file run-v5.json (JSON, N, CA and C atoms)
[["chain", "number", "residue", "atom", "x", "y", "z"],
["J", 23, "MET", "N", 91.44, 92.25, 107.22],
["J", 23, "MET", "CA", 91.88, 93.63, 107.21],
["J", 23, "MET", "C", 93.24, 93.77, 106.51],
["J", 24, "ASN", "N", 94.18, 92.87, 106.83],
["J", 24, "ASN", "CA", 95.51, 92.97, 106.24],
["J", 24, "ASN", "C", 95.48, 92.90, 104.72],
["J", 25, "SER", "N", 94.51, 92.19, 104.17],
["J", 25, "SER", "CA", 94.46, 92.06, 102.71],
["J", 25, "SER", "C", 94.15, 93.39, 102.03],
["J", 26, "LEU", "N", 93.61, 94.35, 102.78],
["J", 26, "LEU", "CA", 93.27, 95.67, 102.24],
["J", 26, "LEU", "C", 94.44, 96.65, 102.28],
["J", 27, "LEU", "N", 95.53, 96.27, 102.94],
["J", 27, "LEU", "CA", 96.67, 97.17, 103.07],
["J", 27, "LEU", "C", 97.40, 97.32, 101.74],
["J", 28, "GLU", "N", 97.74, 98.55, 101.41],
["J", 28, "GLU", "CA", 98.43, 98.85, 100.16],
["J", 28, "GLU", "C", 99.70, 99.63, 100.45],
["J", 29, "PRO", "N", 100.68, 99.57, 99.53],
["J", 29, "PRO", "CA", 101.90, 100.34, 99.72],
["J", 29, "PRO", "C", 101.60, 101.82, 99.98],
["J", 30, "GLY", "N", 102.33, 102.37, 100.95],
["J", 30, "GLY", "CA", 102.16, 103.77, 101.32],
["J", 30, "GLY", "C", 101.29, 103.98, 102.54],
["J", 31, "MET", "N", 100.46, 102.99, 102.87],
["J", 31, "MET", "CA", 99.60, 103.13, 104.05],
["J", 31, "MET", "C", 100.43, 103.06, 105.32],
["J", 32, "LEU", "N", 99.99, 103.81, 106.34],
["J", 32, "LEU", "CA", 100.66, 103.83, 107.63],
["J", 32, "LEU", "C", 99.97, 102.86, 108.57],
["J", 33, "VAL", "N", 100.77, 102.08, 109.31],
["J", 33, "VAL", "CA", 100.23, 101.05, 110.20],
["J", 33, "VAL", "C", 101.04, 100.99, 111.49],
["J", 34, "ARG", "N", 100.45, 100.31, 112.47],
["J", 34, "ARG", "CA", 101.13, 99.96, 113.71],
["J", 34, "ARG", "C", 100.85, 98.50, 114.01],
["J", 35, "ASN", "N", 101.77, 97.85, 114.71],
["J", 35, "ASN", "CA", 101.54, 96.50, 115.19],
["J", 35, "ASN", "C", 101.08, 96.63, 116.64],
["J", 36, "PRO", "N", 99.80, 96.39, 116.92],
["J", 36, "PRO", "CA", 99.28, 96.58, 118.28],
["J", 36, "PRO", "C", 99.98, 95.73, 119.33],
["J", 37, "HIS", "N", 100.55, 94.61, 118.93],
["J", 37, "HIS", "CA", 101.24, 93.73, 119.88],
["J", 37, "HIS", "C", 102.70, 94.11, 120.09],
["J", 38, "GLU", "N", 103.21, 95.03, 119.28],
["J", 38, "GLU", "CA", 104.60, 95.48, 119.37],
["J", 38, "GLU", "C", 104.65, 97.00, 119.24],
["J", 39, "PRO", "N", 104.06, 97.75, 120.19],
["J", 39, "PRO", "CA", 103.99, 99.21, 120.05],
["J", 39, "PRO", "C", 105.36, 99.89, 119.98],
["J", 40, "GLU", "N", 106.38, 99.24, 120.53],
["J", 40, "GLU", "CA", 107.72, 99.84, 120.50],
["J", 40, "GLU", "C", 108.31, 99.87, 119.09],
["J", 41, "TRP", "N", 107.73, 99.14, 118.15],
["J", 41, "TRP", "CA", 108.20, 99.19, 116.77],
["J", 41, "TRP", "C", 107.93, 100.54, 116.14],
["J", 42, "GLY", "N", 106.93, 101.27, 116.65],
["J", 42, "GLY", "CA", 106.59, 102.59, 116.13],
["J", 42, "GLY", "C", 105.73, 102.52, 114.89],
["J", 43, "LEU", "N", 105.61, 103.65, 114.25],
["J", 43, "LEU", "CA", 104.80, 103.78, 113.04],
["J", 43, "LEU", "C", 105.50, 103.09, 111.87],
["J", 44, "GLY", "N", 104.73, 102.42, 111.04],
["J", 44, "GLY", "CA", 105.30, 101.74, 109.88],
["J", 44, "GLY", "C", 104.59, 102.12, 108.60],
["J", 45, "GLN", "N", 105.33, 102.05, 107.50],
["J", 45, "GLN", "CA", 104.75, 102.30, 106.18],
["J", 45, "GLN", "C", 104.80, 101.01, 105.38],
["J", 46, "VAL", "N", 103.65, 100.60, 104.86],
["J", 46, "VAL", "CA", 103.56, 99.38, 104.06],
["J", 46, "VAL", "C", 104.37, 99.57, 102.78],
["J", 47, "GLN", "N", 105.24, 98.60, 102.49],
["J", 47, "GLN", "CA", 106.04, 98.61, 101.28],
["J", 47, "GLN", "C", 105.43, 97.70, 100.22],
["J", 48, "SER", "N", 104.91, 96.54, 100.66],
["J", 48, "SER", "CA", 104.26, 95.62, 99.73],
["J", 48, "SER", "C", 103.34, 94.68, 100.51],
["J", 49, "ASN", "N", 102.40, 94.07, 99.79],
["J", 49, "ASN", "CA", 101.46, 93.11, 100.36],
["J", 49, "ASN", "C", 101.17, 92.08, 99.27],
["J", 50, "ILE", "N", 101.93, 90.98, 99.30],
["J", 50, "ILE", "CA", 101.85, 89.98, 98.24],
["J", 50, "ILE", "C", 101.69, 88.59, 98.84],
["J", 51, "ASN", "N", 100.63, 87.90, 98.42],
["J", 51, "ASN", "CA", 100.39, 86.51, 98.84],
["J", 51, "ASN", "C", 100.50, 86.30, 100.34],
["J", 52, "GLY", "N", 99.92, 87.19, 101.12],
["J", 52, "GLY", "CA", 99.90, 87.03, 102.57],
["J", 52, "GLY", "C", 101.16, 87.46, 103.28],
["J", 53, "LYS", "N", 102.11, 88.02, 102.56],
["J", 53, "LYS", "CA", 103.34, 88.54, 103.17],
["J", 53, "LYS", "C", 103.33, 90.06, 103.03],
["J", 54, "ILE", "N", 103.40, 90.74, 104.18],
["J", 54, "ILE", "CA", 103.36, 92.20, 104.20],
["J", 54, "ILE", "C", 104.73, 92.71, 104.62],
["J", 55, "THR", "N", 105.33, 93.54, 103.79],
["J", 55, "THR", "CA", 106.60, 94.17, 104.13],
["J", 55, "THR", "C", 106.31, 95.59, 104.58],
["J", 56, "VAL", "N", 106.79, 95.90, 105.79],
["J", 56, "VAL", "CA", 106.55, 97.20, 106.41],
["J", 56, "VAL", "C", 107.87, 97.76, 106.89],
["J", 57, "ASN", "N", 108.08, 99.05, 106.68],
["J", 57, "ASN", "CA", 109.26, 99.74, 107.18],
["J", 57, "ASN", "C", 108.84, 100.48, 108.45],
["J", 58, "PHE", "N", 109.23, 99.94, 109.63],
["J", 58, "PHE", "CA", 108.88, 100.52, 110.92],
["J", 58, "PHE", "C", 109.95, 101.49, 111.39],
["J", 59, "GLU", "N", 109.52, 102.53, 112.10],
["J", 59, "GLU", "CA", 110.42, 103.57, 112.62],
["J", 59, "GLU", "C", 111.57, 102.99, 113.44],
["J", 60, "ASN", "N", 111.24, 102.08, 114.35],
["J", 60, "ASN", "CA", 112.23, 101.61, 115.32],
["J", 60, "ASN", "C", 112.76, 100.20, 115.05],
["J", 61, "MET", "N", 112.24, 99.52, 114.03],
["J", 61, "MET", "CA", 112.68, 98.15, 113.74],
["J", 61, "MET", "C", 113.21, 98.00, 112.32],
["J", 62, "GLY", "N", 112.98, 99.01, 111.49],
["J", 62, "GLY", "CA", 113.39, 98.89, 110.10],
["J", 62, "GLY", "C", 112.43, 98.05, 109.30],
["J", 63, "LYS", "N", 112.92, 97.49, 108.21],
["J", 63, "LYS", "CA", 112.06, 96.74, 107.29],
["J", 63, "LYS", "C", 111.81, 95.34, 107.83],
["J", 64, "MET", "N", 110.53, 94.99, 107.93],
["J", 64, "MET", "CA", 110.11, 93.69, 108.45],
["J", 64, "MET", "C", 109.13, 93.07, 107.45],
["J", 65, "THR", "N", 109.26, 91.77, 107.22],
["J", 65, "THR", "CA", 108.28, 91.05, 106.42],
["J", 65, "THR", "C", 107.49, 90.16, 107.37],
["J", 66, "LEU", "N", 106.17, 90.37, 107.38],
["J", 66, "LEU", "CA", 105.29, 89.69, 108.33],
["J", 66, "LEU", "C", 104.30, 88.80, 107.59],
["J", 67, "GLU", "N", 103.96, 87.68, 108.20],
["J", 67, "GLU", "CA", 102.92, 86.79, 107.67],
["J", 67, "GLU", "C", 101.57, 87.37, 108.08],
["J", 68, "SER", "N", 100.73, 87.64, 107.10],
["J", 68, "SER", "CA", 99.43, 88.24, 107.35],
["J", 68, "SER", "C", 98.59, 87.41, 108.31],
["J", 69, "ALA", "N", 98.72, 86.10, 108.26],
["J", 69, "ALA", "CA", 97.93, 85.22, 109.12],
["J", 69, "ALA", "C", 98.34, 85.31, 110.59],
["J", 70, "ASN", "N", 99.54, 85.83, 110.86],
["J", 70, "ASN", "CA", 100.06, 85.86, 112.22],
["J", 70, "ASN", "C", 99.97, 87.20, 112.92],
["J", 71, "VAL", "N", 99.58, 88.25, 112.20],
["J", 71, "VAL", "CA", 99.55, 89.58, 112.80],
["J", 71, "VAL", "C", 98.41, 90.39, 112.19],
["J", 72, "ALA", "N", 97.74, 91.17, 113.03],
["J", 72, "ALA", "CA", 96.68, 92.07, 112.55],
["J", 72, "ALA", "C", 97.19, 93.50, 112.72],
["J", 73, "LEU", "N", 97.69, 94.07, 111.65],
["J", 73, "LEU", "CA", 98.20, 95.44, 111.70],
["J", 73, "LEU", "C", 97.04, 96.42, 111.76],
["J", 74, "ALA", "N", 97.24, 97.52, 112.48],
["J", 74, "ALA", "CA", 96.21, 98.55, 112.62],
["J", 74, "ALA", "C", 96.57, 99.75, 111.77],
["J", 75, "ARG", "N", 95.63, 100.19, 110.93],
["J", 75, "ARG", "CA", 95.85, 101.40, 110.12],
["J", 75, "ARG", "C", 96.02, 102.60, 111.03],
["J", 76, "GLN", "N", 96.90, 103.48, 110.66],
["J", 76, "GLN", "CA", 97.13, 104.74, 111.37],
["J", 76, "GLN", "C", 96.67, 105.85, 110.44],
["J", 77, "PHE", "N", 95.61, 106.56, 110.83],
["J", 77, "PHE", "CA", 95.05, 107.58, 109.96],
["J", 77, "PHE", "C", 95.61, 108.97, 110.23],
["J", 78, "ASP", "N", 96.10, 109.19, 111.44],
["J", 78, "ASP", "CA", 96.71, 110.49, 111.77],
["J", 78, "ASP", "C", 98.09, 110.24, 112.34],
["J", 79, "THR", "N", 99.00, 111.19, 112.15],
["J", 79, "THR", "CA", 100.37, 110.97, 112.65],
["J", 79, "THR", "C", 100.69, 111.92, 113.76]]

call {"tool": "encode", "arguments": {"input": "run-v5.json", "output": "structure tokens"}}
result
Amino acid sequence: MNSLLEPGMLVRNPHEPEWGLGQVQSNINGKITVNFENMGKMTLESANVALARQFDT
């Protein structure tokens, strides 16, 4: 699923709901950079986290 994420898509980390809504900044070679409401910019290893798409805000 993470490999389908593109810049601009909205996501949440189901294991860290307090991070809030995030916007994908980049997805390169298994590293996803997301700007989360409550945590700021985070770079995550795709193999270690399954981000959930957010279709409505």

call {"tool": "atom_distance", "arguments": {"input": "run-v5.json", "atom1": "CA of Val33 in chain J", "atom2": "CA of Asn51 in chain J"}}
result
18.5 Å

call {"tool": "closest_residue", "arguments": {"input": "run-v5.json", "among": "J:Leu32, J:Leu27, J:Ile54, J:Leu43", "to": "Asn70 in chain J", "atoms": "only C-alpha atoms"}}
result
J:Ile54

call {"tool": "residues_around", "arguments": {"input": "run-v5.json", "residues": "Val46 in chain J", "least_positions_apart": "5", "cutoff": "6.5 Å", "atoms": "all atoms listed in the file", "output": "ChimeraX atom specification"}}
result
/J:28-33,55-57

call {"tool": "residues_around", "arguments": {"input": "run-v5.json", "residues": "Met23 in chain J", "least_positions_apart": "5", "cutoff": "10 Å", "atoms": "only C-alpha atoms", "output": "PyMOL selection string"}}
result
chain J and resi 68+72-75

call {"tool": "axis_aligned_box", "arguments": {"input": "run-v5.json", "around": "range 67-76 of chain J", "padding_each_side": "5 Å", "output": "AutoDock Vina command-line options"}}
result
--center_x 99.8 --center_y 95.5 --center_z 110.1 --size_x 18.3 --size_y 30.6 --size_z 15.9

call {"tool": "closest_residue", "arguments": {"input": "run-v5.json", "among": "J:Gln47, J:Gly52, J:Gly42, J:Arg34", "to": "Ala69 in chain J", "atoms": "only C-alpha atoms"}}
result
J:Gly52

call {"tool": "select_by_dssp", "arguments": {"input": "run-v5.json", "residues": "chain J", "states": "helix (DSSP H, G or I)", "output": "VMD selection string"}}
result
chain J and resid 24 to 26 39 to 41 68 to 70

call {"tool": "write_last_selection", "arguments": {"input": "run-v5.json", "atoms": "N, CA and C atoms", "output": "CSV table (one decimal), keeping the file's coordinate frame"}}
result
chain,number,residue,atom,x,y,z
J,24,ASN,N,94.2,92.9,106.8
J,24,ASN,CA,95.5,93.0,106.2
J,24,ASN,C,95.5,92.9,104.7
J,25,SER,N,94.5,92.2,104.2
J,25,SER,CA,94.5,92.1,102.7
J,25,SER,C,94.2,93.4,102.0
J,26,LEU,N,93.6,94.4,102.8
J,26,LEU,CA,93.3,95.7,102.2
J,26,LEU,C,94.4,96.6,102.3
J,39,PRO,N,104.1,97.8,120.2
J,39,PRO,CA,104.0,99.2,120.0
J,39,PRO,C,105.4,99.9,120.0
J,40,GLU,N,106.4,99.2,120.5
J,40,GLU,CA,107.7,99.8,120.5
J,40,GLU,C,108.3,99.9,119.1
J,41,TRP,N,107.7,99.1,118.2
J,41,TRP,CA,108.2,99.2,116.8
J,41,TRP,C,107.9,100.5,116.1
J,68,SER,N,100.7,87.6,107.1
J,68,SER,CA,99.4,88.2,107.4
J,68,SER,C,98.6,87.4,108.3
J,69,ALA,N,98.7,86.1,108.3
J,69,ALA,CA,97.9,85.2,109.1
J,69,ALA,C,98.3,85.3,110.6
J,70,ASN,N,99.5,85.8,110.9
J,70,ASN,CA,100.1,85.9,112.2
J,70,ASN,C,100.0,87.2,112.9

call {"tool": "select_by_dssp", "arguments": {"input": "run-v5.json", "residues": "chain J", "states": "strand (DSSP E or B)", "output": "list in words"}}
result
Leu32, Val33, Arg34, Gly44, Gln45, Val46, Gln47, Ser48, Asn49, Ile50, Lys53, Ile54, Thr55, Val56, Asn57, Phe58, Gly62, Lys63, Met64, Thr65, Leu66, Glu67, Ala74 and Arg75 of chain J

call {"tool": "write_last_selection", "arguments": {"input": "run-v5.json", "atoms": "N, CA and C atoms", "output": "PDB file, in the coordinates of the input"}}
result
ATOM      1  N   LEU J  32      99.990 103.810 106.340  1.00  0.00           N
ATOM      2  CA  LEU J  32     100.660 103.830 107.630  1.00  0.00           C
ATOM      3  C   LEU J  32      99.970 102.860 108.570  1.00  0.00           C
ATOM      4  N   VAL J  33     100.770 102.080 109.310  1.00  0.00           N
ATOM      5  CA  VAL J  33     100.230 101.050 110.200  1.00  0.00           C
ATOM      6  C   VAL J  33     101.040 100.990 111.490  1.00  0.00           C
ATOM      7  N   ARG J  34     100.450 100.310 112.470  1.00  0.00           N
ATOM      8  CA  ARG J  34     101.130  99.960 113.710  1.00  0.00           C
ATOM      9  C   ARG J  34     100.850  98.500 114.010  1.00  0.00           C
ATOM     10  N   GLY J  44     104.730 102.420 111.040  1.00  0.00           N
ATOM     11  CA  GLY J  44     105.300 101.740 109.880  1.00  0.00           C
ATOM     12  C   GLY J  44     104.590 102.120 108.600  1.00  0.00           C
ATOM     13  N   GLN J  45     105.330 102.050 107.500  1.00  0.00           N
ATOM     14  CA  GLN J  45     104.750 102.300 106.180  1.00  0.00           C
ATOM     15  C   GLN J  45     104.800 101.010 105.380  1.00  0.00           C
ATOM     16  N   VAL J  46     103.650 100.600 104.860  1.00  0.00           N
ATOM     17  CA  VAL J  46     103.560  99.380 104.060  1.00  0.00           C
ATOM     18  C   VAL J  46     104.370  99.570 102.780  1.00  0.00           C
ATOM     19  N   GLN J  47     105.240  98.600 102.490  1.00  0.00           N
ATOM     20  CA  GLN J  47     106.040  98.610 101.280  1.00  0.00           C
ATOM     21  C   GLN J  47     105.430  97.700 100.220  1.00  0.00           C
ATOM     22  N   SER J  48     104.910  96.540 100.660  1.00  0.00           N
ATOM     23  CA  SER J  48     104.260  95.620  99.730  1.00  0.00           C
ATOM     24  C   SER J  48     103.340  94.680 100.510  1.00  0.00           C
ATOM     25  N   ASN J  49     102.400  94.070  99.790  1.00  0.00           N
ATOM     26  CA  ASN J  49     101.460  93.110 100.360  1.00  0.00           C
ATOM     27  C   ASN J  49     101.170  92.080  99.270  1.00  0.00           C
ATOM     28  N   ILE J  50     101.930  90.980  99.300  1.00  0.00           N
ATOM     29  CA  ILE J  50     101.850  89.980  98.240  1.00  0.00           C
ATOM     30  C   ILE J  50     101.690  88.590  98.840  1.00  0.00           C
ATOM     31  N   LYS J  53     102.110  88.020 102.560  1.00  0.00           N
ATOM     32  CA  LYS J  53     103.340  88.540 103.170  1.00  0.00           C
ATOM     33  C   LYS J  53     103.330  90.060 103.030  1.00  0.00           C
ATOM     34  N   ILE J  54     103.400  90.740 104.180  1.00  0.00           N
ATOM     35  CA  ILE J  54     103.360  92.200 104.200  1.00  0.00           C
ATOM     36  C   ILE J  54     104.730  92.710 104.620  1.00  0.00           C
ATOM     37  N   THR J  55     105.330  93.540 103.790  1.00  0.00           N
ATOM     38  CA  THR J  55     106.600  94.170 104.130  1.00  0.00           C
ATOM     39  C   THR J  55     106.310  95.590 104.580  1.00  0.00           C
ATOM     40  N   VAL J  56     106.790  95.900 105.790  1.00  0.00           N
ATOM     41  CA  VAL J  56     106.550  97.200 106.410  1.00  0.00           C
ATOM     42  C   VAL J  56     107.870  97.760 106.890  1.00  0.00           C
ATOM     43  N   ASN J  57     108.080  99.050 106.680  1.00  0.00           N
ATOM     44  CA  ASN J  57     109.260  99.740 107.180  1.00  0.00           C
ATOM     45  C   ASN J  57     108.840 100.480 108.450  1.00  0.00           C
ATOM     46  N   PHE J  58     109.230  99.940 109.630  1.00  0.00           N
ATOM     47  CA  PHE J  58     108.880 100.520 110.920  1.00  0.00           C
ATOM     48  C   PHE J  58     109.950 101.490 111.390  1.00  0.00           C
ATOM     49  N   GLY J  62     112.980  99.010 111.490  1.00  0.00           N
ATOM     50  CA  GLY J  62     113.390  98.890 110.100  1.00  0.00           C
ATOM     51  C   GLY J  62     112.430  98.050 109.300  1.00  0.00           C
ATOM     52  N   LYS J  63     112.920  97.490 108.210  1.00  0.00           N
ATOM     53  CA  LYS J  63     112.060  96.740 107.290  1.00  0.00           C
ATOM     54  C   LYS J  63     111.810  95.340 107.830  1.00  0.00           C
ATOM     55  N   MET J  64     110.530  94.990 107.930  1.00  0.00           N
ATOM     56  CA  MET J  64     110.110  93.690 108.450  1.00  0.00           C
ATOM     57  C   MET J  64     109.130  93.070 107.450  1.00  0.00           C
ATOM     58  N   THR J  65     109.260  91.770 107.220  1.00  0.00           N
ATOM     59  CA  THR J  65     108.280  91.050 106.420  1.00  0.00           C
ATOM     60  C   THR J  65     107.490  90.160 107.370  1.00  0.00           C
ATOM     61  N   LEU J  66     106.170  90.370 107.380  1.00  0.00           N
ATOM     62  CA  LEU J  66     105.290  89.690 108.330  1.00  0.00           C
ATOM     63  C   LEU J  66     104.300  88.800 107.590  1.00  0.00           C
ATOM     64  N   GLU J  67     103.960  87.680 108.200  1.00  0.00           N
ATOM     65  CA  GLU J  67     102.920  86.790 107.670  1.00  0.00           C
ATOM     66  C   GLU J  67     101.570  87.370 108.080  1.00  0.00           C
ATOM     67  N   ALA J  74      97.240  97.520 112.480  1.00  0.00           N
ATOM     68  CA  ALA J  74      96.210  98.550 112.620  1.00  0.00           C
ATOM     69  C   ALA J  74      96.570  99.750 111.770  1.00  0.00           C
ATOM     70  N   ARG J  75      95.630 100.190 110.930  1.00  0.00           N
ATOM     71  CA  ARG J  75      95.850 101.400 110.120  1.00  0.00           C
ATOM     72  C   ARG J  75      96.020 102.600 111.030  1.00  0.00           C
TER      73      ARG J  75
END

call {"tool": "closest_residue", "arguments": {"input": "run-v5.json", "among": "J:Val71, J:Pro36, J:Ser25, J:Trp41", "to": "Phe58 in chain J", "atoms": "only C-alpha atoms"}}
result
J:Trp41

call {"tool": "atom_distance", "arguments": {"input": "run-v5.json", "atom1": "atom N of Gly44 in chain J", "atom2": "atom N of Lys63 in chain J"}}
result
10.0 Å
